[in-house]
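Only one structure is covered here, and it is reproduced in the block below.
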Amino acid sequence: MSEVAKAAGVSAMTVSNVINGHPYVSDETRLKVTEAIGRLGYRVNVAARNLRAGSTGVIGLAVPDIDQPYCAELAALVIAEAGRRGYQVAVEQTGASREGEINALAQSRLRMYDGLIISTVRLGDADAPTFPTDFPVVALGERIHGGDVDRVSMANFEGARDVTCHLVERGCRRIAVFGGRTHGEEGAATLRTAGHLAALREAGVEPRDELLVPCAFATEAGAAAVRELAGAGVAFDAAMCLTDSLAIGVLRGLADRGLTVPGDVLVTGFDDIGHAAYTVPSLTTVAPGHTEMVAAAFDMLLARLLAPRREGRAREFTGPHRLVVRESTIR
């Protein structure tokens with residue numbers, strides 16, 4: 001930097017200001033410095049600068065499967081938000097396994113992240129002690145309720161209740177729930193199923209066990225499940241899918257069985273991924289407030305960077321949801 005300053009006829013502080021993009025440098029001076037940098041082949045020693053500053057400028061993001069549309073869109077939103085706040089993002093996947101999520105927590109500091117945002121699908125309340133107490137971590141999901149883990153979640157119950165009310169209002173009484181379950185550890189599946197059942201009770205509609213269809217939250221699982229349900233002769237006038245990826249598969253499976261949407265069956269999803277607006281027909285779904293959730297996660301994370309040790313009750317944020325009505329439920 002001293003050599004660049006000498007070649008440009010300026011101070012080393014001015015060179016630093018140019019490199020860091022400070023606005024109070026004249027265009028003429030900035031040009032002299034950048035020409036000297038190019039002529040001398042100067043490169044910033046990022047590792048040394050980070051060690052001196054005590055930070056890397058990198059946030060880790062751990063997601064279950066990067067090839068799933070929801071995870072890919074989440075990563076894009078996190079990267080965009082990080083850029084607005086002067087950070088970069090390193091993305092890794094946990095394989096939707098408990099071991100993968102624990103490893104992401106354990107390795108995040110070794111990878112020299114400033115903090116970690118982790119989408120949890122396997123870790124539960126009992127695993128809260130595995131979260132580091134002196135390193136900024138924010139959990140995305142419904143399964144961590146520990147008093148000292150910052151958490152951002154969706155309005156799963158409320159969103160599912162709203163979409164069920166929407167179907168009931170359109171005359172549906174035999175609503176098949178794809179991906180639903182009422183037993184097991186609390187998570188998106190159980191919460192969304194609970195919201196659906198609550199809406200049925202409020203409407204005086206009797207739930208039916210044969211219309212609860214457990215399956216993975218994947219496109220191919222939805223296609224296979226709806227083919228099996230229709231093939232078994234189970235009558236249903238709506239398919240409430242607990243994710244948009246599931247709903248896209250259900251649309252395919254219904255077409256394979258010769259059933260039309262929304263003529264024969266109304267179909268809904270959850271998540272409002274980008275593809276939902278471009279299916280045929282376009283998909284009615286629940287938008288869970290992704291942008292607000294990502295912004296809240298960064299607010300929590302950056303607050304922990306200022307005071308990394310977790311003390312007292314952690315913060316929680318639930319995204320503002322809304323029902324997005326499209327062609328798949330409009331007859």
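Just remember, in the structure tokens the first chain shown is A, the second B, etc., residues are 1-based per chain, and ligands are 1-based in the order shown.
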Residue contacts of segment 280-291 of chain A (6 Å, only C-alpha atoms) excluding same-chain residues fewer than 2 positions away, as a ChimeraX atom specification: /A:154,268-272,276-278,293-294,319-328
Those in segment 49-103 of chain A with strand (DSSP E) from DSSP, as an MDAnalysis selection string: chainID A and resid 58:63 88:93
Given only C-alpha atoms as the counted atoms, nearest of A:Ile118, A:Ala296, A:Leu40, A:Val18 to Ile102 of chain A: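 Looking at the shortest contact to Ile102 of chain A, the residue is A:Ile118.
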Check which residues of segment 90-194 of chain A sit at most 10 Å from segment 73-81 of chain A using only C-alpha atoms, and return one row each with the closest pair of atoms and their distance in Å to one decimal, ordered by chain and rising number, as JSON lines.
```
{"residue": "A:Ala90", "atom": "CA", "partner": "A:Ile79", "partner_atom": "CA", "distance": 8.8}
{"residue": "A:Val91", "atom": "CA", "partner": "A:Ala75", "partner_atom": "CA", "distance": 7.4}
{"residue": "A:Glu92", "atom": "CA", "partner": "A:Ala75", "partner_atom": "CA", "distance": 9.9}
{"residue": "A:Ile117", "atom": "CA", "partner": "A:Val78", "partner_atom": "CA", "distance": 9.1}
{"residue": "A:Ser119", "atom": "CA", "partner": "A:Leu74", "partner_atom": "CA", "distance": 9.6}
```
Residues within 9 Å of Ala176 of chain A, only C-alpha atoms, excluding chain neighbours under 3 positions, as a list in words: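 Here the answer would be Arg208, Glu210, Leu211, Leu212, Val213, Ala235, Phe236, Asp237, Ala238, Ala239, Met240 and Cys241 of chain A.
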Can I get the selection written as an mmCIF file, in the first residue's frame, with N, CA, C and O atoms?
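See again_21.cif below for the written result:
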```
data_model
loop_
_atom_site.group_PDB
_atom_site.id
_atom_site.type_symbol
_atom_site.label_atom_id
_atom_site.label_comp_id
_atom_site.auth_asym_id
_atom_site.auth_seq_id
_atom_site.Cartn_x
_atom_site.Cartn_y
_atom_site.Cartn_z
ATOM 1 N N ARG A 208 -61.561 -36.875 7.761
ATOM 2 C CA ARG A 208 -61.563 -38.301 7.436
ATOM 3 C C ARG A 208 -60.133 -38.816 7.370
ATOM 4 O O ARG A 208 -59.290 -38.226 6.693
ATOM 5 N N GLU A 210 -58.797 -41.314 5.891
ATOM 6 C CA GLU A 210 -58.271 -41.758 4.594
ATOM 7 C C GLU A 210 -57.798 -40.593 3.723
ATOM 8 O O GLU A 210 -57.115 -40.793 2.712
ATOM 9 N N LEU A 211 -58.149 -39.358 4.133
ATOM 10 C CA LEU A 211 -57.739 -38.187 3.355
ATOM 11 C C LEU A 211 -56.449 -37.560 3.887
ATOM 12 O O LEU A 211 -55.986 -36.562 3.336
ATOM 13 N N LEU A 212 -55.900 -38.138 4.945
ATOM 14 C CA LEU A 212 -54.599 -37.685 5.447
ATOM 15 C C LEU A 212 -53.537 -38.558 4.787
ATOM 16 O O LEU A 212 -53.464 -39.761 5.045
ATOM 17 N N VAL A 213 -52.721 -37.966 3.916
ATOM 18 C CA VAL A 213 -51.804 -38.737 3.058
ATOM 19 C C VAL A 213 -50.357 -38.382 3.413
ATOM 20 O O VAL A 213 -49.798 -37.412 2.883
ATOM 21 N N ALA A 235 -62.489 -40.882 -2.841
ATOM 22 C CA ALA A 235 -63.039 -39.660 -3.432
ATOM 23 C C ALA A 235 -62.510 -38.434 -2.685
ATOM 24 O O ALA A 235 -62.469 -38.407 -1.462
ATOM 25 N N PHE A 236 -62.100 -37.412 -3.434
ATOM 26 C CA PHE A 236 -61.678 -36.140 -2.839
ATOM 27 C C PHE A 236 -61.928 -35.030 -3.850
ATOM 28 O O PHE A 236 -61.827 -35.230 -5.059
ATOM 29 N N ASP A 237 -62.323 -33.882 -3.342
ATOM 30 C CA ASP A 237 -62.610 -32.761 -4.228
ATOM 31 C C ASP A 237 -61.577 -31.637 -4.123
ATOM 32 O O ASP A 237 -61.678 -30.626 -4.815
ATOM 33 N N ALA A 238 -60.581 -31.817 -3.257
ATOM 34 C CA ALA A 238 -59.497 -30.842 -3.145
ATOM 35 C C ALA A 238 -58.239 -31.547 -2.662
ATOM 36 O O ALA A 238 -58.309 -32.557 -1.945
ATOM 37 N N ALA A 239 -57.111 -31.025 -3.073
ATOM 38 C CA ALA A 239 -55.813 -31.526 -2.627
ATOM 39 C C ALA A 239 -55.069 -30.368 -1.975
ATOM 40 O O ALA A 239 -54.630 -29.433 -2.668
ATOM 41 N N MET A 240 -54.973 -30.403 -0.658
ATOM 42 C CA MET A 240 -54.210 -29.400 0.075
ATOM 43 C C MET A 240 -52.812 -29.957 0.295
ATOM 44 O O MET A 240 -52.620 -30.915 1.043
ATOM 45 N N CYS A 241 -51.842 -29.377 -0.382
ATOM 46 C CA CYS A 241 -50.465 -29.880 -0.332
ATOM 47 C C CYS A 241 -49.653 -29.007 0.623
ATOM 48 O O CYS A 241 -49.730 -27.772 0.562
#
```
Backbone DSSP call of alpha helix (DSSP H) for segment 200-264 of chain A, listed as a ChimeraX atom specification: /A:200-203,219-231,244-256
Nearest to Ile248 of chain A, chosen from A:Pro207, A:Gly274, A:Gly124, A:Pro214, with only C-alpha atoms counted in the distances: A:Gly274
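Taking atom CA of Arg170 of chain A and atom CA of Thr329 of chain A as the two end points, the separation is 8.0 Å.
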Two-atom distance - atom CA of Ile273 of chain A, atom CA of Ala104 of chain A (Å): 25.3 Å
Residues within 12 Å of segment 197-203 of chain A, only C-alpha atoms, excluding chain neighbours under 6 positions, as a list in words: Phe157, Glu158, Gly159, Ala160, Arg161, Asp162, Val163, Thr164, Cys165, His166, Leu167, Val168, Glu169, Gly171, Cys172, Arg173, Arg174, Ile175, Ala176, Val177, Gly180, Arg181, Thr182, Thr190, Leu191, Asp209, Leu211, Leu212 and Met240 of chain A
If we count only C-alpha atoms, what is near Ala255 of chain A at a cut-off of 12 Å, once residues fewer than 2 positions away on the same chain are taken out, given as a short mmCIF file (atom, residue, chain, number, x, y, z; two decimals) with N, CA, C and O atoms, in the first residue's frame?
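Listed below is the output, out26.cif:
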```cif
data_model
loop_
_atom_site.label_atom_id
_atom_site.label_comp_id
_atom_site.auth_asym_id
_atom_site.auth_seq_id
_atom_site.Cartn_x
_atom_site.Cartn_y
_atom_site.Cartn_z
N ALA A 223 -46.69 -36.69 -6.81
CA ALA A 223 -47.25 -37.35 -7.99
C ALA A 223 -47.62 -38.79 -7.68
O ALA A 223 -48.71 -39.27 -8.03
N ALA A 224 -46.73 -39.50 -6.98
CA ALA A 224 -46.99 -40.90 -6.65
C ALA A 224 -48.14 -41.03 -5.67
O ALA A 224 -49.00 -41.92 -5.81
N VAL A 226 -50.78 -39.02 -5.09
CA VAL A 226 -52.12 -38.73 -5.61
C VAL A 226 -52.56 -39.81 -6.59
O VAL A 226 -53.75 -40.14 -6.67
N ARG A 227 -51.62 -40.39 -7.33
CA ARG A 227 -51.98 -41.52 -8.21
C ARG A 227 -52.49 -42.68 -7.38
O ARG A 227 -53.47 -43.35 -7.72
N ALA A 230 -56.04 -41.82 -5.84
CA ALA A 230 -57.09 -41.90 -6.85
C ALA A 230 -57.29 -43.33 -7.32
O ALA A 230 -58.42 -43.79 -7.54
N ILE A 248 -46.93 -29.34 -7.05
CA ILE A 248 -46.55 -29.48 -8.46
C ILE A 248 -46.59 -30.94 -8.86
O ILE A 248 -47.07 -31.30 -9.95
N GLY A 249 -46.13 -31.83 -7.98
CA GLY A 249 -46.22 -33.26 -8.25
C GLY A 249 -47.66 -33.74 -8.30
O GLY A 249 -48.02 -34.58 -9.13
N VAL A 250 -48.51 -33.21 -7.42
CA VAL A 250 -49.92 -33.59 -7.40
C VAL A 250 -50.60 -33.17 -8.70
O VAL A 250 -51.42 -33.92 -9.26
N LEU A 251 -50.29 -31.99 -9.19
CA LEU A 251 -50.84 -31.55 -10.48
C LEU A 251 -50.49 -32.55 -11.59
O LEU A 251 -51.34 -32.91 -12.42
N ARG A 252 -49.25 -33.02 -11.58
CA ARG A 252 -48.84 -34.00 -12.58
C ARG A 252 -49.59 -35.32 -12.39
O ARG A 252 -50.07 -35.93 -13.35
N GLY A 253 -49.68 -35.78 -11.14
CA GLY A 253 -50.35 -37.03 -10.86
C GLY A 253 -51.83 -37.01 -11.21
O GLY A 253 -52.38 -37.99 -11.72
N ARG A 257 -54.04 -39.23 -14.12
CA ARG A 257 -55.26 -39.98 -13.84
C ARG A 257 -56.46 -39.43 -14.63
O ARG A 257 -57.58 -39.90 -14.46
N GLY A 258 -56.23 -38.42 -15.46
CA GLY A 258 -57.30 -37.84 -16.26
C GLY A 258 -58.20 -36.90 -15.50
O GLY A 258 -59.33 -36.62 -15.93
N LEU A 259 -57.75 -36.40 -14.34
CA LEU A 259 -58.53 -35.46 -13.53
C LEU A 259 -58.07 -34.04 -13.81
O LEU A 259 -56.87 -33.77 -13.91
N THR A 260 -59.02 -33.12 -13.93
CA THR A 260 -58.68 -31.74 -14.26
C THR A 260 -58.64 -30.87 -13.01
O THR A 260 -59.32 -31.13 -12.02
N VAL A 261 -57.83 -29.81 -13.09
CA VAL A 261 -57.71 -28.82 -12.02
C VAL A 261 -57.98 -27.44 -12.64
O VAL A 261 -57.34 -27.07 -13.62
N PRO A 262 -58.96 -26.72 -12.13
CA PRO A 262 -59.77 -26.96 -10.93
C PRO A 262 -61.12 -27.63 -11.20
O PRO A 262 -61.96 -27.65 -10.29
N GLY A 263 -61.34 -28.14 -12.41
CA GLY A 263 -62.64 -28.73 -12.74
C GLY A 263 -63.06 -29.86 -11.83
O GLY A 263 -64.14 -29.85 -11.25
N ASP A 264 -62.16 -30.87 -11.68
CA ASP A 264 -62.48 -32.01 -10.82
C ASP A 264 -61.95 -31.84 -9.40
O ASP A 264 -62.61 -32.25 -8.44
N VAL A 265 -60.78 -31.29 -9.28
CA VAL A 265 -60.11 -31.17 -7.98
C VAL A 265 -59.48 -29.79 -7.86
O VAL A 265 -58.82 -29.32 -8.80
N VAL A 280 -49.47 -24.99 -14.67
CA VAL A 280 -50.74 -24.94 -15.42
C VAL A 280 -51.71 -25.90 -14.77
O VAL A 280 -51.52 -27.11 -14.86
N PRO A 281 -52.75 -25.37 -14.09
CA PRO A 281 -53.00 -23.95 -13.83
C PRO A 281 -52.04 -23.39 -12.78
O PRO A 281 -51.39 -24.15 -12.06
#
```
Nearest to Ala82 of chain A, chosen from A:Gly115, A:Gly204, A:Pro69, A:Pro64, with only C-alpha atoms counted in the distances: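 Of the candidates, the smallest distance to Ala82 of chain A is held by A:Gly115.
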Given only C-alpha atoms as the counted atoms, nearest of A:Val121, A:Arg111, A:Tyr70, A:Ile59 to Gly95 of chain A: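 Under the stated criterion, the closest residue is A:Val121.
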Residue with smallest distance to Ser2 of chain A - pool A:Arg122, A:Arg30, A:Ala36, A:Asp150, counting only C-alpha atoms: A:Ala36
Between atom CA of Thr130 of chain A and atom CA of Glu101 of chain A - distance in Å to one decimal: 10.3 Å
